[in-house]
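Enquirer: Below is one structure. I have some questions about it.
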2 protein chains.
Amino acid sequence: MEYLQWRHVFKLDPAKVMSDEALKRVCESGTDAILVGGTDGVTLDLVVDLLIRVRQYTVPVALEISTIESVTPGFDFYFIPSVLNSTKTTFVKDLQVEAIKEFGDFMDWTELVPEGYCILNPDCKAAQVTEAHTELSVDDVIAHARLAEHFFNMPIFYLEYSGMYGDPTMVRAAKKVLTKTRLFYGGGITSAQQAAEMAKIADTIVVGNHLYDNLTEALETVKAVHDLSL
Amino acid sequence: MEYLQWRHVFKLDPAKVMSDEALKRVCESGTDAILVGGTDGVTLDLVVDLLIRVRQYTVPVALEISTIESVTPGFDFYFIPSVLNSTKTTFVKDLQVEAIKEFGDFMDWTELVPEGYCILNPDCKAAQVTEAHTELSVDDVIAHARLAEHFFNMPIFYLEYSGMYGDPTMVRAAKKVLTKTRLFYGGGITSAQQAAEMAKIADTIVVGNHLYDNLTEALETVKAVHDLSL
């Protein structure tokens, strides 16, 4: 699957405002894909609106499903998170069962991409909503990575520091034990230097919030990552 | 993997007593495999003792891990259940993370067989221990089967009626939507006729308790299942 080749991804939040000019720069930045997803206030209208705008460009676009109500056809892939360090079955598999019950009969399973999330920033919204157990040792992170790869056979293990730049030691530990499963890193990347640091370790890095804080700096992360691959 | 060919399995409980003569009849019955596992009072000593006794025969033998303390090398496969309709993350993935943390560094991952359980008998011990949500409609069972196959990529989806003969409608519904994932049925099989009925629907049937209640009847289920395959 082509998402296994992605090195750099921009995450766009449908609930946040971005001008047409800014969106054009993001979509033509050379990033490997746009991932549409957010935690708060994501509605079907906002998702459809953003999809239509992004579809003017050739960049692949995936929806990361946070609520069933905001699912719409037209994306290249549907990323479905399971929060592997959540303490509530809701975020591990109940919402997923519910979505499958709703859409299972007319779903193209090849477009479905399960993601095993491990959320490590205790203060982020996602950690609070999912009641994630974020106080993890290096050995815990390794065990979660192996759970994603060997027990759940997930194509993606996603280390999420949402809003905070992460600990490269943790990222390195996860990467070291993964063989088939791809390692995504996301959280707090605000410079080309940070993007390069994490992209040297993880298979794919995700840049999100900084697009809305400092677009020019965020756009510079694309080149920083792709220069590494040369 | 050879377990994908199994049609008939006997489940032996290490905490229950079986004479050497009875064990010989079970192991030489023509069953495709012995699965060692139980819910209550399973200790390392009991597991090792049973393994040694079963290893006198050529039948493949797998350990279904219920507690980390009772894991020992020497089995052909290690079946690791995840209870997909449990309301506690403990039985979906926490125990699994714990086991991986303990054994991950020296594990042969090809011997690990994840099983997606769906427990449908509300009165059984397993349902109570795992706080399983057993009031499932046909559509719910279908959604759980698809979760096992498409979201968690599990090789086995296990419909468990433990101690009670199940509803063939439920088993048929699960079988109909599964393509790669193998359907195991277990629970309340006490005759050749019941074994045949469920084996016509499920890929693999598991006969357990009745071995301890009426060995002769339990042994007759082997031929009943294998005659179907001719």
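By order in the structure tokens, chains are A, B, ...; within a chain, residues start at 1; ligands start at 1, following the order shown.
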Can you work out which residues from chain B touch chain A at a cut-off of 9 Å (counting only C-alpha atoms) and hand them back as a PDB file with N, CA, C and O atoms, in the first residue's frame?

Expert:
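Below you can see out_14.pdb, which holds the result:
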ATOM      1  N   ILE B  80      -3.103 -16.930  22.183  1.00  0.00           N
ATOM      2  CA  ILE B  80      -3.312 -15.828  23.122  1.00  0.00           C
ATOM      3  C   ILE B  80      -4.661 -15.177  22.845  1.00  0.00           C
ATOM      4  O   ILE B  80      -4.854 -14.537  21.826  1.00  0.00           O
ATOM      5  N   LEU B  84     -12.888  -9.899  22.685  1.00  0.00           N
ATOM      6  CA  LEU B  84     -13.305  -8.725  21.916  1.00  0.00           C
ATOM      7  C   LEU B  84     -14.592  -8.101  22.432  1.00  0.00           C
ATOM      8  O   LEU B  84     -14.875  -6.940  22.151  1.00  0.00           O
ATOM      9  N   ASN B  85     -15.386  -8.866  23.187  1.00  0.00           N
ATOM     10  CA  ASN B  85     -16.596  -8.267  23.762  1.00  0.00           C
ATOM     11  C   ASN B  85     -16.490  -8.077  25.277  1.00  0.00           C
ATOM     12  O   ASN B  85     -17.493  -7.907  25.961  1.00  0.00           O
ATOM     13  N   SER B  86     -15.254  -8.020  25.774  1.00  0.00           N
ATOM     14  CA  SER B  86     -15.054  -7.680  27.177  1.00  0.00           C
ATOM     15  C   SER B  86     -15.217  -6.172  27.355  1.00  0.00           C
ATOM     16  O   SER B  86     -14.986  -5.394  26.432  1.00  0.00           O
ATOM     17  N   THR B  87     -15.629  -5.779  28.561  1.00  0.00           N
ATOM     18  CA  THR B  87     -15.758  -4.345  28.860  1.00  0.00           C
ATOM     19  C   THR B  87     -14.535  -3.830  29.625  1.00  0.00           C
ATOM     20  O   THR B  87     -14.512  -2.681  30.055  1.00  0.00           O
ATOM     21  N   LYS B  88     -13.542  -4.695  29.777  1.00  0.00           N
ATOM     22  CA  LYS B  88     -12.332  -4.330  30.505  1.00  0.00           C
ATOM     23  C   LYS B  88     -11.116  -4.457  29.587  1.00  0.00           C
ATOM     24  O   LYS B  88     -10.913  -5.522  28.982  1.00  0.00           O
ATOM     25  N   THR B  89     -10.298  -3.423  29.521  1.00  0.00           N
ATOM     26  CA  THR B  89      -9.115  -3.487  28.655  1.00  0.00           C
ATOM     27  C   THR B  89      -8.158  -4.592  29.111  1.00  0.00           C
ATOM     28  O   THR B  89      -7.380  -5.105  28.308  1.00  0.00           O
ATOM     29  N   THR B  90      -8.236  -4.978  30.374  1.00  0.00           N
ATOM     30  CA  THR B  90      -7.407  -6.069  30.895  1.00  0.00           C
ATOM     31  C   THR B  90      -7.425  -7.285  29.980  1.00  0.00           C
ATOM     32  O   THR B  90      -6.381  -7.883  29.726  1.00  0.00           O
ATOM     33  N   VAL B  92      -8.679  -7.414  26.852  1.00  0.00           N
ATOM     34  CA  VAL B  92      -8.557  -7.099  25.420  1.00  0.00           C
ATOM     35  C   VAL B  92      -7.079  -6.993  25.058  1.00  0.00           C
ATOM     36  O   VAL B  92      -6.638  -7.553  24.046  1.00  0.00           O
ATOM     37  N   LYS B  93      -6.297  -6.288  25.932  1.00  0.00           N
ATOM     38  CA  LYS B  93      -4.897  -6.062  25.559  1.00  0.00           C
ATOM     39  C   LYS B  93      -3.921  -5.862  26.713  1.00  0.00           C
ATOM     40  O   LYS B  93      -2.724  -5.961  26.512  1.00  0.00           O
ATOM     41  N   ASP B  94      -4.397  -5.600  27.940  1.00  0.00           N
ATOM     42  CA  ASP B  94      -3.442  -5.326  29.017  1.00  0.00           C
ATOM     43  C   ASP B  94      -2.632  -6.565  29.419  1.00  0.00           C
ATOM     44  O   ASP B  94      -1.405  -6.500  29.572  1.00  0.00           O
ATOM     45  N   GLN B  96      -2.031  -9.013  27.593  1.00  0.00           N
ATOM     46  CA  GLN B  96      -1.191  -9.315  26.443  1.00  0.00           C
ATOM     47  C   GLN B  96       0.076  -8.452  26.440  1.00  0.00           C
ATOM     48  O   GLN B  96       1.179  -8.947  26.175  1.00  0.00           O
ATOM     49  N   VAL B  97      -0.096  -7.160  26.773  1.00  0.00           N
ATOM     50  CA  VAL B  97       1.063  -6.267  26.866  1.00  0.00           C
ATOM     51  C   VAL B  97       2.001  -6.762  27.965  1.00  0.00           C
ATOM     52  O   VAL B  97       3.221  -6.804  27.792  1.00  0.00           O
ATOM     53  N   GLU B  98       1.404  -7.168  29.077  1.00  0.00           N
ATOM     54  CA  GLU B  98       2.184  -7.670  30.212  1.00  0.00           C
ATOM     55  C   GLU B  98       2.994  -8.919  29.809  1.00  0.00           C
ATOM     56  O   GLU B  98       4.183  -9.033  30.115  1.00  0.00           O
ATOM     57  N   ALA B  99       2.337  -9.824  29.095  1.00  0.00           N
ATOM     58  CA  ALA B  99       3.017 -11.050  28.649  1.00  0.00           C
ATOM     59  C   ALA B  99       4.137 -10.723  27.675  1.00  0.00           C
ATOM     60  O   ALA B  99       5.237 -11.296  27.744  1.00  0.00           O
ATOM     61  N   ILE B 100       3.880  -9.779  26.783  1.00  0.00           N
ATOM     62  CA  ILE B 100       4.894  -9.393  25.795  1.00  0.00           C
ATOM     63  C   ILE B 100       6.065  -8.717  26.498  1.00  0.00           C
ATOM     64  O   ILE B 100       7.224  -8.924  26.141  1.00  0.00           O
ATOM     65  N   LYS B 101       5.751  -7.937  27.532  1.00  0.00           N
ATOM     66  CA  LYS B 101       6.814  -7.263  28.280  1.00  0.00           C
ATOM     67  C   LYS B 101       7.714  -8.302  28.962  1.00  0.00           C
ATOM     68  O   LYS B 101       8.934  -8.154  29.026  1.00  0.00           O
ATOM     69  N   GLU B 102       7.089  -9.369  29.432  1.00  0.00           N
ATOM     70  CA  GLU B 102       7.828 -10.425  30.139  1.00  0.00           C
ATOM     71  C   GLU B 102       8.629 -11.307  29.179  1.00  0.00           C
ATOM     72  O   GLU B 102       9.775 -11.642  29.442  1.00  0.00           O
ATOM     73  N   GLY B 104       8.811 -10.915  25.566  1.00  0.00           N
ATOM     74  CA  GLY B 104       9.039 -10.372  24.222  1.00  0.00           C
ATOM     75  C   GLY B 104      10.440 -10.554  23.670  1.00  0.00           C
ATOM     76  O   GLY B 104      10.613 -10.778  22.472  1.00  0.00           O
ATOM     77  N   TRP B 109       7.894 -15.320  17.433  1.00  0.00           N
ATOM     78  CA  TRP B 109       6.590 -14.739  17.092  1.00  0.00           C
ATOM     79  C   TRP B 109       5.778 -15.633  16.165  1.00  0.00           C
ATOM     80  O   TRP B 109       4.564 -15.506  16.096  1.00  0.00           O
ATOM     81  N   THR B 110       6.446 -16.540  15.451  1.00  0.00           N
ATOM     82  CA  THR B 110       5.688 -17.412  14.540  1.00  0.00           C
ATOM     83  C   THR B 110       4.867 -18.441  15.320  1.00  0.00           C
ATOM     84  O   THR B 110       3.957 -19.058  14.772  1.00  0.00           O
ATOM     85  N   LEU B 112       3.192 -17.607  18.036  1.00  0.00           N
ATOM     86  CA  LEU B 112       2.119 -16.866  18.701  1.00  0.00           C
ATOM     87  C   LEU B 112       0.880 -16.810  17.808  1.00  0.00           C
ATOM     88  O   LEU B 112       0.952 -16.407  16.653  1.00  0.00           O
ATOM     89  N   VAL B 113      -0.244 -17.226  18.367  1.00  0.00           N
ATOM     90  CA  VAL B 113      -1.495 -17.245  17.606  1.00  0.00           C
ATOM     91  C   VAL B 113      -2.552 -16.411  18.337  1.00  0.00           C
ATOM     92  O   VAL B 113      -3.148 -16.862  19.316  1.00  0.00           O
ATOM     93  N   PRO B 114      -2.787 -15.190  17.864  1.00  0.00           N
ATOM     94  CA  PRO B 114      -3.817 -14.366  18.497  1.00  0.00           C
ATOM     95  C   PRO B 114      -5.204 -14.914  18.177  1.00  0.00           C
ATOM     96  O   PRO B 114      -5.493 -15.300  17.056  1.00  0.00           O
ATOM     97  N   ASP B 139     -26.119  -8.877  14.239  1.00  0.00           N
ATOM     98  CA  ASP B 139     -25.302  -7.801  13.661  1.00  0.00           C
ATOM     99  C   ASP B 139     -24.079  -7.476  14.524  1.00  0.00           C
ATOM    100  O   ASP B 139     -23.018  -7.120  14.004  1.00  0.00           O
ATOM    101  N   ASP B 140     -24.253  -7.581  15.838  1.00  0.00           N
ATOM    102  CA  ASP B 140     -23.112  -7.353  16.737  1.00  0.00           C
ATOM    103  C   ASP B 140     -22.049  -8.432  16.537  1.00  0.00           C
ATOM    104  O   ASP B 140     -20.853  -8.139  16.505  1.00  0.00           O
ATOM    105  N   ILE B 142     -21.532 -10.208  13.880  1.00  0.00           N
ATOM    106  CA  ILE B 142     -20.910  -9.939  12.575  1.00  0.00           C
ATOM    107  C   ILE B 142     -19.858  -8.834  12.699  1.00  0.00           C
ATOM    108  O   ILE B 142     -18.750  -8.951  12.171  1.00  0.00           O
ATOM    109  N   ALA B 143     -20.210  -7.777  13.419  1.00  0.00           N
ATOM    110  CA  ALA B 143     -19.262  -6.660  13.586  1.00  0.00           C
ATOM    111  C   ALA B 143     -18.009  -7.108  14.334  1.00  0.00           C
ATOM    112  O   ALA B 143     -16.888  -6.704  13.995  1.00  0.00           O
ATOM    113  N   HIS B 144     -18.176  -7.962  15.342  1.00  0.00           N
ATOM    114  CA  HIS B 144     -17.012  -8.473  16.074  1.00  0.00           C
ATOM    115  C   HIS B 144     -16.155  -9.381  15.183  1.00  0.00           C
ATOM    116  O   HIS B 144     -14.930  -9.356  15.264  1.00  0.00           O
ATOM    117  N   ARG B 146     -15.835  -9.150  11.955  1.00  0.00           N
ATOM    118  CA  ARG B 146     -15.117  -8.268  11.026  1.00  0.00           C
ATOM    119  C   ARG B 146     -14.007  -7.494  11.729  1.00  0.00           C
ATOM    120  O   ARG B 146     -12.963  -7.222  11.133  1.00  0.00           O
ATOM    121  N   LEU B 147     -14.242  -7.115  12.980  1.00  0.00           N
ATOM    122  CA  LEU B 147     -13.183  -6.468  13.762  1.00  0.00           C
ATOM    123  C   LEU B 147     -11.972  -7.389  13.847  1.00  0.00           C
ATOM    124  O   LEU B 147     -10.832  -6.972  13.626  1.00  0.00           O
ATOM    125  N   ALA B 148     -12.219  -8.650  14.162  1.00  0.00           N
ATOM    126  CA  ALA B 148     -11.132  -9.628  14.283  1.00  0.00           C
ATOM    127  C   ALA B 148     -10.386  -9.772  12.958  1.00  0.00           C
ATOM    128  O   ALA B 148      -9.156  -9.771  12.923  1.00  0.00           O
ATOM    129  N   HIS B 150     -10.594  -7.770   9.917  1.00  0.00           N
ATOM    130  CA  HIS B 150     -10.127  -6.618   9.147  1.00  0.00           C
ATOM    131  C   HIS B 150      -9.410  -5.574   9.975  1.00  0.00           C
ATOM    132  O   HIS B 150      -8.597  -4.828   9.454  1.00  0.00           O
ATOM    133  N   PHE B 151      -9.749  -5.474  11.255  1.00  0.00           N
ATOM    134  CA  PHE B 151      -9.110  -4.434  12.061  1.00  0.00           C
ATOM    135  C   PHE B 151      -7.889  -4.989  12.786  1.00  0.00           C
ATOM    136  O   PHE B 151      -6.816  -4.410  12.742  1.00  0.00           O
ATOM    137  N   PHE B 152      -8.054  -6.152  13.419  1.00  0.00           N
ATOM    138  CA  PHE B 152      -6.946  -6.730  14.176  1.00  0.00           C
ATOM    139  C   PHE B 152      -6.221  -7.837  13.413  1.00  0.00           C
ATOM    140  O   PHE B 152      -5.251  -8.403  13.916  1.00  0.00           O
ATOM    141  N   ASN B 153      -6.704  -8.153  12.213  1.00  0.00           N
ATOM    142  CA  ASN B 153      -6.011  -9.153  11.389  1.00  0.00           C
ATOM    143  C   ASN B 153      -5.713 -10.446  12.129  1.00  0.00           C
ATOM    144  O   ASN B 153      -4.618 -11.004  12.010  1.00  0.00           O
ATOM    145  N   MET B 154      -6.660 -10.912  12.903  1.00  0.00           N
ATOM    146  CA  MET B 154      -6.429 -12.106  13.701  1.00  0.00           C
ATOM    147  C   MET B 154      -6.653 -13.374  12.884  1.00  0.00           C
ATOM    148  O   MET B 154      -7.595 -13.436  12.093  1.00  0.00           O
TER     149      MET B 154
END

Enquirer: Considering only C-alpha atoms, return as a VMD selection string whatever protein or nucleic-acid residues lie within 10 Å of segment 211-220 of chain B, sequence-local ones (same chain, fewer than 6 positions apart) excluded.

Expert: chain B and resid 10 to 13 16 to 18 22 to 23 25 to 26 28 to 31 189 to 193 195

Enquirer: Taking only segment 14-94 of chain A into account, list the residues labelled alpha helix (DSSP H) by DSSP (computed from the backbone), as a list in words.

Expert: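 Secondary structure check on segment 14-94 of chain A, alpha helix (DSSP H): Asp20, Glu21, Ala22, Leu23, Lys24, Arg25, Val26, Cys27, Leu44, Asp45, Leu46, Val47, Val48, Asp49, Leu50, Leu51, Ile52, Arg53, Val54 and Thr89 of chain A.
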
Enquirer: Could you write out the selected residues, including N, CA and C atoms, as a PDB file, in the first residue's frame?

Expert:
ATOM      1  N   ASP A  20      -7.509  29.623   1.575  1.00  0.00           N
ATOM      2  CA  ASP A  20      -7.252  28.893   0.340  1.00  0.00           C
ATOM      3  C   ASP A  20      -5.779  28.976  -0.056  1.00  0.00           C
ATOM      4  N   GLU A  21      -5.217  30.131   0.132  1.00  0.00           N
ATOM      5  CA  GLU A  21      -3.811  30.328  -0.227  1.00  0.00           C
ATOM      6  C   GLU A  21      -2.897  29.430   0.629  1.00  0.00           C
ATOM      7  N   ALA A  22      -3.187  29.379   1.927  1.00  0.00           N
ATOM      8  CA  ALA A  22      -2.389  28.540   2.827  1.00  0.00           C
ATOM      9  C   ALA A  22      -2.571  27.063   2.463  1.00  0.00           C
ATOM     10  N   LEU A  23      -3.808  26.672   2.185  1.00  0.00           N
ATOM     11  CA  LEU A  23      -4.079  25.268   1.852  1.00  0.00           C
ATOM     12  C   LEU A  23      -3.350  24.864   0.564  1.00  0.00           C
ATOM     13  N   LYS A  24      -3.305  25.782  -0.379  1.00  0.00           N
ATOM     14  CA  LYS A  24      -2.587  25.526  -1.633  1.00  0.00           C
ATOM     15  C   LYS A  24      -1.099  25.254  -1.341  1.00  0.00           C
ATOM     16  N   ARG A  25      -0.521  26.064  -0.490  1.00  0.00           N
ATOM     17  CA  ARG A  25       0.898  25.876  -0.155  1.00  0.00           C
ATOM     18  C   ARG A  25       1.124  24.531   0.544  1.00  0.00           C
ATOM     19  N   VAL A  26       0.192  24.145   1.402  1.00  0.00           N
ATOM     20  CA  VAL A  26       0.307  22.858   2.116  1.00  0.00           C
ATOM     21  C   VAL A  26       0.201  21.687   1.128  1.00  0.00           C
ATOM     22  N   CYS A  27      -0.805  21.756   0.261  1.00  0.00           N
ATOM     23  CA  CYS A  27      -1.059  20.630  -0.645  1.00  0.00           C
ATOM     24  C   CYS A  27       0.011  20.509  -1.734  1.00  0.00           C
ATOM     25  N   LEU A  44     -19.460  16.471  10.054  1.00  0.00           N
ATOM     26  CA  LEU A  44     -19.491  15.964   8.676  1.00  0.00           C
ATOM     27  C   LEU A  44     -19.319  17.105   7.674  1.00  0.00           C
ATOM     28  N   ASP A  45     -20.015  18.217   7.908  1.00  0.00           N
ATOM     29  CA  ASP A  45     -19.908  19.365   6.997  1.00  0.00           C
ATOM     30  C   ASP A  45     -18.473  19.862   6.878  1.00  0.00           C
ATOM     31  N   LEU A  46     -17.809  19.979   8.007  1.00  0.00           N
ATOM     32  CA  LEU A  46     -16.432  20.485   7.996  1.00  0.00           C
ATOM     33  C   LEU A  46     -15.496  19.511   7.267  1.00  0.00           C
ATOM     34  N   VAL A  47     -15.727  18.205   7.472  1.00  0.00           N
ATOM     35  CA  VAL A  47     -14.883  17.191   6.814  1.00  0.00           C
ATOM     36  C   VAL A  47     -15.092  17.227   5.298  1.00  0.00           C
ATOM     37  N   VAL A  48     -16.348  17.269   4.877  1.00  0.00           N
ATOM     38  CA  VAL A  48     -16.657  17.293   3.444  1.00  0.00           C
ATOM     39  C   VAL A  48     -16.077  18.553   2.801  1.00  0.00           C
ATOM     40  N   ASP A  49     -16.237  19.671   3.484  1.00  0.00           N
ATOM     41  CA  ASP A  49     -15.718  20.941   2.972  1.00  0.00           C
ATOM     42  C   ASP A  49     -14.206  20.865   2.758  1.00  0.00           C
ATOM     43  N   LEU A  50     -13.508  20.352   3.753  1.00  0.00           N
ATOM     44  CA  LEU A  50     -12.043  20.262   3.648  1.00  0.00           C
ATOM     45  C   LEU A  50     -11.639  19.268   2.552  1.00  0.00           C
ATOM     46  N   LEU A  51     -12.354  18.144   2.477  1.00  0.00           N
ATOM     47  CA  LEU A  51     -12.057  17.141   1.446  1.00  0.00           C
ATOM     48  C   LEU A  51     -12.147  17.752   0.045  1.00  0.00           C
ATOM     49  N   ILE A  52     -13.226  18.480  -0.203  1.00  0.00           N
ATOM     50  CA  ILE A  52     -13.421  19.095  -1.524  1.00  0.00           C
ATOM     51  C   ILE A  52     -12.288  20.066  -1.852  1.00  0.00           C
ATOM     52  N   ARG A  53     -11.892  20.825  -0.856  1.00  0.00           N
ATOM     53  CA  ARG A  53     -10.819  21.796  -1.087  1.00  0.00           C
ATOM     54  C   ARG A  53      -9.480  21.103  -1.345  1.00  0.00           C
ATOM     55  N   VAL A  54      -9.195  20.035  -0.595  1.00  0.00           N
ATOM     56  CA  VAL A  54      -7.912  19.338  -0.771  1.00  0.00           C
ATOM     57  C   VAL A  54      -7.892  18.570  -2.092  1.00  0.00           C
ATOM     58  N   THR A  89     -12.170   0.417  27.019  1.00  0.00           N
ATOM     59  CA  THR A  89     -12.333  -0.382  25.797  1.00  0.00           C
ATOM     60  C   THR A  89     -12.961   0.449  24.672  1.00  0.00           C
TER      61      THR A  89
END

Enquirer: Could you give me, as a PyMOL selection string, each residue of segment 27-209 of chain A that DSSP assigns to strand (DSSP E) when run on this structure's backbone?

Expert: chain A and resi 33-36+61-64+77-83+112-119+156-160+182-186+204-207

Enquirer: As an exercise, work out the distance from atom CA of Thr221 of chain A to atom CA of Val206 of chain A in Å and give it to one decimal place.

Expert: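 If I compute the distance from atom CA of Thr221 of chain A to atom CA of Val206 of chain A, I get 9.8 Å.
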
Enquirer: In terms of the shortest atom-to-atom distance over only C-alpha atoms, which of B:Lys223, B:Arg55, B:Lys125, B:Lys176 is closest to Glu160 of chain B?

Expert: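 Using only C-alpha atoms, the shortest distance to Glu160 of chain B belongs to B:Lys125.
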
Enquirer: For the atom pair atom CA of Arg182 of chain A and atom CA of Asn209 of chain A, what is the interatomic distance in Å to one decimal place?

Expert: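 A separation of 22.3 Å between them.
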
Enquirer: So the first atom is atom CA of Phe157 of chain A and the second is atom CA of Thr204 of chain A; what is the distance between them in Å, to one decimal place?

Expert: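 Here the two named atoms are 10.3 Å from each other.
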
Enquirer: Residues within 12 Å of Thr169 of chain A, please, as a PyMOL selection string. Count only C-alpha atoms; anything in the same chain fewer than 2 positions from it doesn't count.

Expert: chain A and resi 137-139+141-142+159+166-167+171-176+197-198+201-202

Enquirer: Show which residues sit within 8 Å of Phe75 of chain B, as a ChimeraX atom specification. Count only C-alpha atoms, and ignore same-chain residues fewer than 5 positions away.

Expert: /B:51,61-63

Enquirer: Dump N, CA, C and O atoms for the selected residues as a JSON list (two decimals), in the first residue's frame?

Expert:
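For reference, part.json as written:
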[["chain", "number", "residue", "atom", "x", "y", "z"],
["B", 51, "LEU", "N", 1.72, -31.20, 29.75],
["B", 51, "LEU", "CA", 2.53, -31.13, 28.51],
["B", 51, "LEU", "C", 3.39, -32.38, 28.35],
["B", 51, "LEU", "O", 3.42, -33.00, 27.27],
["B", 61, "VAL", "N", 0.28, -29.92, 20.01],
["B", 61, "VAL", "CA", -0.26, -29.41, 21.27],
["B", 61, "VAL", "C", 0.04, -27.92, 21.43],
["B", 61, "VAL", "O", 1.18, -27.47, 21.24],
["B", 62, "ALA", "N", -0.99, -27.17, 21.72],
["B", 62, "ALA", "CA", -0.88, -25.72, 21.88],
["B", 62, "ALA", "C", -1.30, -25.33, 23.28],
["B", 62, "ALA", "O", -2.17, -25.96, 23.87],
["B", 63, "LEU", "N", -0.67, -24.28, 23.79],
["B", 63, "LEU", "CA", -1.08, -23.73, 25.09],
["B", 63, "LEU", "C", -1.92, -22.49, 24.85],
["B", 63, "LEU", "O", -1.52, -21.59, 24.11]]
